[in-house]
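For reference, structure-v9.cif (mmCIF, C-alpha atoms):
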data_input
#
loop_
_atom_site.group_PDB
_atom_site.id
_atom_site.type_symbol
_atom_site.label_atom_id
_atom_site.label_comp_id
_atom_site.auth_asym_id
_atom_site.auth_seq_id
_atom_site.Cartn_x
_atom_site.Cartn_y
_atom_site.Cartn_z
ATOM 1 C CA ALA A 1 150.046 132.977 150.837
ATOM 2 C CA GLN A 2 150.895 131.353 154.104
ATOM 3 C CA SER A 3 154.171 131.367 156.007
ATOM 4 C CA VAL A 4 155.579 130.311 159.343
ATOM 5 C CA THR A 5 158.477 131.821 161.249
ATOM 6 C CA GLN A 6 160.046 129.942 164.111
ATOM 7 C CA LEU A 7 161.870 132.615 166.006
ATOM 8 C CA ASP A 8 164.642 130.447 167.459
ATOM 9 C CA SER A 9 166.655 127.867 165.555
ATOM 10 C CA HIS A 10 168.053 126.422 168.809
ATOM 11 C CA VAL A 11 166.742 126.481 172.382
ATOM 12 C CA SER A 12 168.620 125.065 175.358
ATOM 13 C CA VAL A 13 166.973 124.451 178.742
ATOM 14 C CA SER A 14 167.835 122.545 181.880
ATOM 15 C CA GLU A 15 165.846 119.483 182.827
ATOM 16 C CA GLY A 16 162.889 120.466 184.996
ATOM 17 C CA THR A 17 162.691 124.058 183.721
ATOM 18 C CA PRO A 18 159.986 125.476 181.424
ATOM 19 C CA VAL A 19 160.144 125.208 177.652
ATOM 20 C CA LEU A 20 159.039 127.979 175.273
ATOM 21 C CA LEU A 21 159.310 127.524 171.501
ATOM 22 C CA ARG A 22 158.101 130.541 169.575
ATOM 23 C CA CYS A 23 156.142 130.548 166.322
ATOM 24 C CA ASN A 24 154.557 133.332 164.292
ATOM 25 C CA TYR A 25 152.401 132.669 161.273
ATOM 26 C CA SER A 26 150.903 134.488 158.342
ATOM 27 C CA SER A 27 147.740 133.217 156.683
ATOM 28 C CA SER A 28 145.138 134.449 154.222
ATOM 29 C CA TYR A 29 142.589 132.068 155.744
ATOM 30 C CA SER A 30 141.414 131.099 159.191
ATOM 31 C CA PRO A 31 144.435 128.967 159.933
ATOM 32 C CA SER A 32 144.803 125.432 161.130
ATOM 33 C CA LEU A 33 148.045 125.231 163.078
ATOM 34 C CA PHE A 34 150.112 122.307 164.258
ATOM 35 C CA TRP A 35 153.231 121.452 166.172
ATOM 36 C CA TYR A 36 155.171 118.361 165.129
ATOM 37 C CA VAL A 37 158.179 116.815 166.837
ATOM 38 C CA GLN A 38 160.956 114.831 165.210
ATOM 39 C CA HIS A 39 163.469 112.865 167.239
ATOM 40 C CA PRO A 40 166.843 112.168 165.617
ATOM 41 C CA ASN A 41 166.552 109.921 162.568
ATOM 42 C CA LYS A 42 162.858 109.407 163.211
ATOM 43 C CA GLY A 43 159.644 110.413 161.495
ATOM 44 C CA LEU A 44 157.240 113.196 162.384
ATOM 45 C CA GLN A 45 154.910 112.955 165.352
ATOM 46 C CA LEU A 46 151.945 115.272 165.855
ATOM 47 C CA LEU A 47 152.123 117.046 169.222
ATOM 48 C CA LEU A 48 148.980 119.140 168.982
ATOM 49 C CA LYS A 49 146.680 120.975 166.592
ATOM 50 C CA TYR A 50 144.539 124.094 166.544
ATOM 51 C CA THR A 51 141.504 124.117 164.263
ATOM 52 C CA SER A 52 139.458 127.160 165.403
ATOM 53 C CA ALA A 53 138.084 125.669 168.591
ATOM 54 C CA ALA A 54 139.635 126.484 171.994
ATOM 55 C CA THR A 55 142.575 128.862 171.726
ATOM 56 C CA LEU A 56 144.571 126.951 174.353
ATOM 57 C CA VAL A 57 145.396 123.564 172.921
ATOM 58 C CA LYS A 58 146.732 120.675 174.958
ATOM 59 C CA GLY A 59 148.863 118.046 173.316
ATOM 60 C CA ILE A 60 150.774 114.947 174.173
ATOM 61 C CA ASN A 61 153.606 114.656 176.690
ATOM 62 C CA GLY A 62 152.536 117.754 178.642
ATOM 63 C CA PHE A 63 152.916 120.233 175.787
ATOM 64 C CA GLU A 64 150.416 122.960 175.059
ATOM 65 C CA ALA A 65 150.123 125.922 172.721
ATOM 66 C CA GLU A 66 148.064 129.101 172.699
ATOM 67 C CA PHE A 67 146.621 130.578 169.531
ATOM 68 C CA LYS A 68 146.754 134.382 169.645
ATOM 69 C CA LYS A 69 145.157 135.881 166.585
ATOM 70 C CA SER A 70 146.044 139.476 167.492
ATOM 71 C CA GLU A 71 149.719 138.541 167.703
ATOM 72 C CA THR A 72 149.592 135.904 164.906
ATOM 73 C CA SER A 73 151.442 133.585 167.259
ATOM 74 C CA PHE A 74 151.190 129.941 168.246
ATOM 75 C CA HIS A 75 153.922 129.386 170.833
ATOM 76 C CA LEU A 76 154.586 125.931 172.270
ATOM 77 C CA THR A 77 155.157 125.524 176.002
ATOM 78 C CA LYS A 78 155.802 122.848 178.577
ATOM 79 C CA PRO A 79 156.075 123.513 182.326
ATOM 80 C CA SER A 80 158.958 121.145 182.987
ATOM 81 C CA ALA A 81 161.407 119.803 180.410
ATOM 82 C CA HIS A 82 162.424 116.165 180.364
ATOM 83 C CA MET A 83 165.515 114.719 178.758
ATOM 84 C CA SER A 84 163.308 112.832 176.313
ATOM 85 C CA ASP A 85 161.988 116.176 174.970
ATOM 86 C CA ALA A 86 165.289 116.805 173.185
ATOM 87 C CA ALA A 87 164.301 116.854 169.502
ATOM 88 C CA GLU A 88 163.479 119.162 166.622
ATOM 89 C CA TYR A 89 160.095 120.884 166.687
ATOM 90 C CA PHE A 90 158.196 122.213 163.699
ATOM 91 C CA CYS A 91 155.396 124.765 163.672
ATOM 92 C CA VAL A 92 153.100 124.188 160.700
ATOM 93 C CA VAL A 93 150.184 126.023 159.088
ATOM 94 C CA SER A 94 147.721 124.224 156.836
ATOM 95 C CA GLU A 95 145.828 125.511 153.850
ATOM 96 C CA PRO A 96 142.108 124.636 153.856
ATOM 97 C CA PRO A 97 140.990 121.384 152.202
ATOM 98 C CA GLU A 98 139.562 123.256 149.219
ATOM 99 C CA TYR A 99 143.129 124.417 148.492
ATOM 100 C CA GLY A 100 144.652 120.958 148.830
ATOM 101 C CA ASN A 101 145.340 120.661 152.557
ATOM 102 C CA LYS A 102 148.901 121.757 151.878
ATOM 103 C CA LEU A 103 151.218 122.234 154.823
ATOM 104 C CA VAL A 104 153.723 125.054 155.219
ATOM 105 C CA PHE A 105 156.481 124.244 157.695
ATOM 106 C CA GLY A 106 158.642 126.501 159.756
ATOM 107 C CA ALA A 107 162.393 125.945 159.581
ATOM 108 C CA GLY A 108 162.378 124.081 162.895
ATOM 109 C CA THR A 109 163.669 124.641 166.421
ATOM 110 C CA ILE A 110 166.149 122.217 167.919
ATOM 111 C CA LEU A 111 165.510 121.774 171.632
ATOM 112 C CA ARG A 112 168.415 120.740 173.801
ATOM 113 C CA VAL A 113 167.765 119.604 177.366
ATOM 114 C CA LYS A 114 170.685 119.720 179.791
ATOM 115 C CA SER A 115 170.898 117.476 182.814
ATOM 116 C CA ASN B 1 145.691 99.634 159.282
ATOM 117 C CA ALA B 2 149.284 100.003 158.142
ATOM 118 C CA GLY B 3 148.780 103.764 157.740
ATOM 119 C CA VAL B 4 151.196 105.425 155.314
ATOM 120 C CA THR B 5 154.019 103.225 154.056
ATOM 121 C CA GLN B 6 157.066 104.268 152.070
ATOM 122 C CA THR B 7 159.655 102.213 150.238
ATOM 123 C CA PRO B 8 162.584 102.055 150.165
ATOM 124 C CA LYS B 9 163.830 103.344 153.525
ATOM 125 C CA PHE B 10 167.258 104.162 152.116
ATOM 126 C CA GLN B 11 168.544 104.626 148.578
ATOM 127 C CA VAL B 12 171.824 105.671 146.992
ATOM 128 C CA LEU B 13 171.770 106.813 143.373
ATOM 129 C CA LYS B 14 174.377 108.030 140.948
ATOM 130 C CA THR B 15 173.853 111.331 139.172
ATOM 131 C CA GLY B 16 171.613 110.848 136.175
ATOM 132 C CA GLN B 17 169.913 107.682 137.374
ATOM 133 C CA SER B 18 166.160 107.516 137.690
ATOM 134 C CA MET B 19 164.048 105.909 140.368
ATOM 135 C CA THR B 20 160.612 105.863 141.927
ATOM 136 C CA LEU B 21 159.856 106.375 145.587
ATOM 137 C CA GLN B 22 156.760 104.463 146.563
ATOM 138 C CA CYS B 23 154.021 105.697 148.887
ATOM 139 C CA ALA B 24 150.844 103.869 149.816
ATOM 140 C CA GLN B 25 148.063 104.426 152.321
ATOM 141 C CA ASP B 26 145.220 102.174 153.402
ATOM 142 C CA MET B 27 142.997 104.783 155.034
ATOM 143 C CA ASN B 28 141.071 105.755 151.866
ATOM 144 C CA HIS B 29 142.366 109.326 152.153
ATOM 145 C CA GLU B 30 141.742 111.652 149.231
ATOM 146 C CA TYR B 31 144.659 113.985 149.877
ATOM 147 C CA MET B 32 148.251 112.813 149.436
ATOM 148 C CA SER B 33 151.450 114.786 149.208
ATOM 149 C CA TRP B 34 155.228 114.561 149.014
ATOM 150 C CA TYR B 35 157.639 116.674 151.043
ATOM 151 C CA ARG B 36 161.393 116.859 151.195
ATOM 152 C CA GLN B 37 163.306 117.693 154.353
ATOM 153 C CA ASP B 38 166.617 119.506 154.285
ATOM 154 C CA PRO B 39 168.554 120.786 157.326
ATOM 155 C CA GLY B 40 167.423 124.218 158.488
ATOM 156 C CA MET B 41 164.568 124.383 155.986
ATOM 157 C CA GLY B 42 161.788 122.350 157.539
ATOM 158 C CA LEU B 43 159.750 120.304 155.077
ATOM 159 C CA ARG B 44 158.898 121.669 151.664
ATOM 160 C CA LEU B 45 156.036 120.515 149.469
ATOM 161 C CA ILE B 46 157.027 118.862 146.179
ATOM 162 C CA HIS B 47 153.726 117.677 144.698
ATOM 163 C CA TYR B 48 150.283 116.953 146.012
ATOM 164 C CA SER B 49 147.058 115.279 144.951
ATOM 165 C CA VAL B 50 143.468 115.921 145.972
ATOM 166 C CA GLY B 51 142.199 112.654 144.520
ATOM 167 C CA ALA B 52 142.844 109.928 141.988
ATOM 168 C CA GLY B 53 143.755 111.422 138.626
ATOM 169 C CA ILE B 54 144.462 114.901 140.034
ATOM 170 C CA THR B 55 147.931 116.184 140.870
ATOM 171 C CA ASP B 56 149.486 119.611 141.244
ATOM 172 C CA GLN B 57 152.841 121.205 141.956
ATOM 173 C CA GLY B 58 154.019 122.377 145.303
ATOM 174 C CA GLU B 59 156.855 124.672 146.275
ATOM 175 C CA VAL B 60 159.782 122.643 144.852
ATOM 176 C CA PRO B 61 158.503 120.466 141.963
ATOM 177 C CA ASN B 62 161.442 120.668 139.540
ATOM 178 C CA GLY B 63 163.049 117.314 138.792
ATOM 179 C CA TYR B 64 160.138 115.281 140.144
ATOM 180 C CA ASN B 65 157.052 113.727 138.570
ATOM 181 C CA VAL B 66 153.999 112.215 140.203
ATOM 182 C CA SER B 67 150.858 110.396 139.168
ATOM 183 C CA ARG B 68 147.796 109.217 141.075
ATOM 184 C CA SER B 69 146.089 106.355 139.296
ATOM 185 C CA THR B 70 144.525 104.957 142.484
ATOM 186 C CA THR B 71 143.436 106.403 145.798
ATOM 187 C CA GLU B 72 145.970 104.245 147.641
ATOM 188 C CA ASP B 73 149.209 104.968 145.779
ATOM 189 C CA PHE B 74 151.151 108.149 145.066
ATOM 190 C CA PRO B 75 154.623 107.407 143.637
ATOM 191 C CA LEU B 76 157.284 110.075 143.250
ATOM 192 C CA ARG B 77 159.601 109.761 140.256
ATOM 193 C CA LEU B 78 163.055 111.234 139.943
ATOM 194 C CA LEU B 79 163.747 111.419 136.219
ATOM 195 C CA SER B 80 167.479 112.193 136.324
ATOM 196 C CA ALA B 81 168.851 112.351 139.834
ATOM 197 C CA ALA B 82 171.058 115.264 140.858
ATOM 198 C CA PRO B 83 173.122 115.766 144.041
ATOM 199 C CA SER B 84 170.719 118.599 144.987
ATOM 200 C CA GLN B 85 168.031 115.947 145.411
ATOM 201 C CA THR B 86 169.878 114.365 148.310
ATOM 202 C CA SER B 87 167.297 114.662 151.054
ATOM 203 C CA VAL B 88 164.805 112.852 153.235
ATOM 204 C CA TYR B 89 161.453 112.408 151.535
ATOM 205 C CA PHE B 90 158.170 112.133 153.392
ATOM 206 C CA CYS B 91 154.811 111.131 152.006
ATOM 207 C CA ALA B 92 151.624 112.196 153.775
ATOM 208 C CA SER B 93 147.918 111.543 153.439
ATOM 209 C CA SER B 94 144.858 113.197 154.928
ATOM 210 C CA TYR B 95 141.100 113.175 154.943
ATOM 211 C CA GLY B 96 140.451 116.278 156.998
ATOM 212 C CA VAL B 97 142.862 118.768 158.436
ATOM 213 C CA GLU B 98 145.218 116.334 160.158
ATOM 214 C CA GLN B 99 147.871 114.708 157.996
ATOM 215 C CA TYR B 100 149.498 111.336 158.524
ATOM 216 C CA PHE B 101 153.141 110.968 157.595
ATOM 217 C CA GLY B 102 155.059 107.964 156.395
ATOM 218 C CA PRO B 103 158.408 106.977 157.963
ATOM 219 C CA GLY B 104 160.467 108.661 155.238
ATOM 220 C CA THR B 105 162.976 107.671 152.565
ATOM 221 C CA ARG B 106 166.570 108.842 152.905
ATOM 222 C CA LEU B 107 167.996 109.431 149.431
ATOM 223 C CA THR B 108 171.623 110.142 148.644
ATOM 224 C CA VAL B 109 172.704 111.131 145.130
ATOM 225 C CA THR B 110 176.422 110.884 144.456
#
Using structure tokens, write down the structure from this file.
Amino acid sequence: AQSVTQLDSHVSVSEGTPVLLRCNYSSSYSPSLFWYVQHPNKGLQLLLKYTSAATLVKGINGFEAEFKKSETSFHLTKPSAHMSDAAEYFCVVSEPPEYGNKLVFGAGTILRVKS
Amino acid sequence: NAGVTQTPKFQVLKTGQSMTLQCAQDMNHEYMSWYRQDPGMGLRLIHYSVGAGITDQGEVPNGYNVSRSTTEDFPLRLLSAAPSQTSVYFCASSYGVEQYFGPGTRLTVT
């Protein structure tokens, strides 16, 4: 069975300061991991994905995440927050295609950016 | 390509009514799935399909039916709507690991 734990339900940062959104996962397989972002009343946008290649993954809008197998973590970071980063972020683990490509979502972290 | 499309965007139902949420994709993806989003719970899998004619249950299947007669379409049926089914519903399709999401349907059951 697979599961995802997002360690903070809310994170508040000031504009221009670093962002850290924490995610731990549990997986019976070699995991594929994703971060999605959802702005208010909008759909889901893929930020980045890890699929067993480089452990440091770069995504869109300056975000990146590091896969750490020993810590079962996949934390999302950004060096400098922008007001437009305010949104809800989801860490997601995927089951392999032979098991239906099913996604397991974390509960989400709401990022607030203060001016 | 239109990608993944969902209709309607918004729907209000009375308890006990039935309806079908439509999902279509034009990318020839084998995998399709339905998720519901509720505050503080992320997205949870309702049903999924690995190809035409094949469907299976996800985490929260009760009260929902699906069928997959074509590769393109994957409708979600609510047989007798309940207030607990008030949610935002997302359809997704995939070929490989990455999934593509539709814009969502916001459903309110009164």
Hey, which bits of chain A sit within 12 Å of chain B, and for each residue what's the closest pair of atoms and how far apart in Å (one decimal), counting only C-alpha atoms, rows by chain and increasing number, as a Markdown table?
| residue | atom | partner | partner_atom | distance |
| --- | --- | --- | --- | --- |
| A:Ala1 | CA | B:Glu59 | CA | 11.7 |
| A:Gln2 | CA | B:Glu59 | CA | 11.9 |
| A:Ser3 | CA | B:Arg44 | CA | 11.6 |
| A:Val4 | CA | B:Gly42 | CA | 10.3 |
| A:Thr5 | CA | B:Gly42 | CA | 10.7 |
| A:Gln6 | CA | B:Gly42 | CA | 10.2 |
| A:Asp8 | CA | B:Gly40 | CA | 11.3 |
| A:Ser9 | CA | B:Gly40 | CA | 8.0 |
| A:His10 | CA | B:Gly40 | CA | 10.6 |
| A:Pro31 | CA | B:Val97 | CA | 10.4 |
| A:Ser32 | CA | B:Val97 | CA | 7.4 |
| A:Leu33 | CA | B:Val97 | CA | 9.5 |
| A:Phe34 | CA | B:Glu98 | CA | 8.7 |
| A:Trp35 | CA | B:Glu98 | CA | 11.3 |
| A:Tyr36 | CA | B:Phe101 | CA | 10.7 |
| A:Val37 | CA | B:Gly42 | CA | 11.4 |
| A:Gln38 | CA | B:Gly42 | CA | 10.8 |
| A:Asn41 | CA | B:Gly104 | CA | 9.6 |
| A:Lys42 | CA | B:Pro103 | CA | 7.3 |
| A:Gly43 | CA | B:Pro103 | CA | 5.1 |
| A:Leu44 | CA | B:Phe101 | CA | 6.7 |
| A:Gln45 | CA | B:Phe101 | CA | 8.2 |
| A:Leu46 | CA | B:Tyr100 | CA | 8.7 |
| A:Leu47 | CA | B:Glu98 | CA | 11.4 |
| A:Leu48 | CA | B:Glu98 | CA | 10.0 |
| A:Lys49 | CA | B:Glu98 | CA | 8.1 |
| A:Tyr50 | CA | B:Val97 | CA | 9.8 |
| A:Thr51 | CA | B:Val97 | CA | 8.0 |
| A:Ser52 | CA | B:Val97 | CA | 11.4 |
| A:Glu88 | CA | B:Gly42 | CA | 9.8 |
| A:Tyr89 | CA | B:Gly42 | CA | 9.4 |
| A:Phe90 | CA | B:Gly42 | CA | 7.1 |
| A:Cys91 | CA | B:Gly42 | CA | 9.2 |
| A:Val92 | CA | B:Gly42 | CA | 9.4 |
| A:Val93 | CA | B:Val97 | CA | 10.3 |
| A:Ser94 | CA | B:Val97 | CA | 7.5 |
| A:Glu95 | CA | B:Val97 | CA | 8.7 |
| A:Pro96 | CA | B:Val97 | CA | 7.5 |
| A:Pro97 | CA | B:Val97 | CA | 7.0 |
| A:Glu98 | CA | B:Val50 | CA | 8.9 |
| A:Tyr99 | CA | B:Val50 | CA | 8.9 |
| A:Gly100 | CA | B:Val50 | CA | 5.9 |
| A:Asn101 | CA | B:Val97 | CA | 6.7 |
| A:Lys102 | CA | B:Leu45 | CA | 7.6 |
| A:Leu103 | CA | B:Leu45 | CA | 7.4 |
| A:Val104 | CA | B:Arg44 | CA | 7.1 |
| A:Phe105 | CA | B:Gly42 | CA | 5.6 |
| A:Gly106 | CA | B:Gly42 | CA | 5.7 |
| A:Ala107 | CA | B:Gly42 | CA | 4.2 |
| A:Gly108 | CA | B:Gly42 | CA | 5.7 |
| A:Thr109 | CA | B:Gly40 | CA | 8.8 |
| A:Ile110 | CA | B:Gly40 | CA | 9.7 |
- What's the 10 Å shell around segment 77-86 of chain B, counting all atoms listed in the file, without same-chain residues fewer than 4 positions away, as a VMD selection string? chain B and resid 11 to 22 36 to 38 62 to 67 106 to 110
- Task: Find the residues around Thr17 of chain A up to 12 Å (all atoms listed in the file counted), leave out those fewer than 3 positions away in its own chain, and share them as a list in words.
- Result: Ser12, Val13, Ser14, Leu20, Thr77, Lys78, Pro79, Ser80, Ala81, His82, Met83, Asp85, Arg112, Val113, Lys114 and Ser115 of chain A
- Pick out the residues sitting within 10 Å of Ser69 of chain B, and hand them over as a VMD selection string; count all atoms listed in the file, and ignore anything fewer than 6 positions along from it in its own chain. chain B and resid 51 to 54 75
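If you look at atom CA of Ile60 of chain A and atom CA of Val11 of chain A, they are 19.8 Å away from each other.
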- the PyMOL selection byres ((chain A and resi 66) around 6) on the file shown: which residues, as a VMD selection string? chain A and resid 55 to 56 65 67 74
- Have a look at atom CA of Asn1 of chain B and atom CA of Asp26 of chain B and let me know their distance in Å, one decimal. 6.4 Å
Provide an axis-aligned box for all listed atoms of segment 42-54 of chain B, padding each side by 4 Å; report its centre and its edge lengths in Å to one decimal, as AutoDock Vina command-line options.
--center_x 152.0 --center_y 116.1 --center_z 148.1 --size_x 27.6 --size_y 20.4 --size_z 26.9
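Interatomic distance, atom CA of Thr70 of chain B against atom CA of Asn28 of chain B: 10.0 Å.
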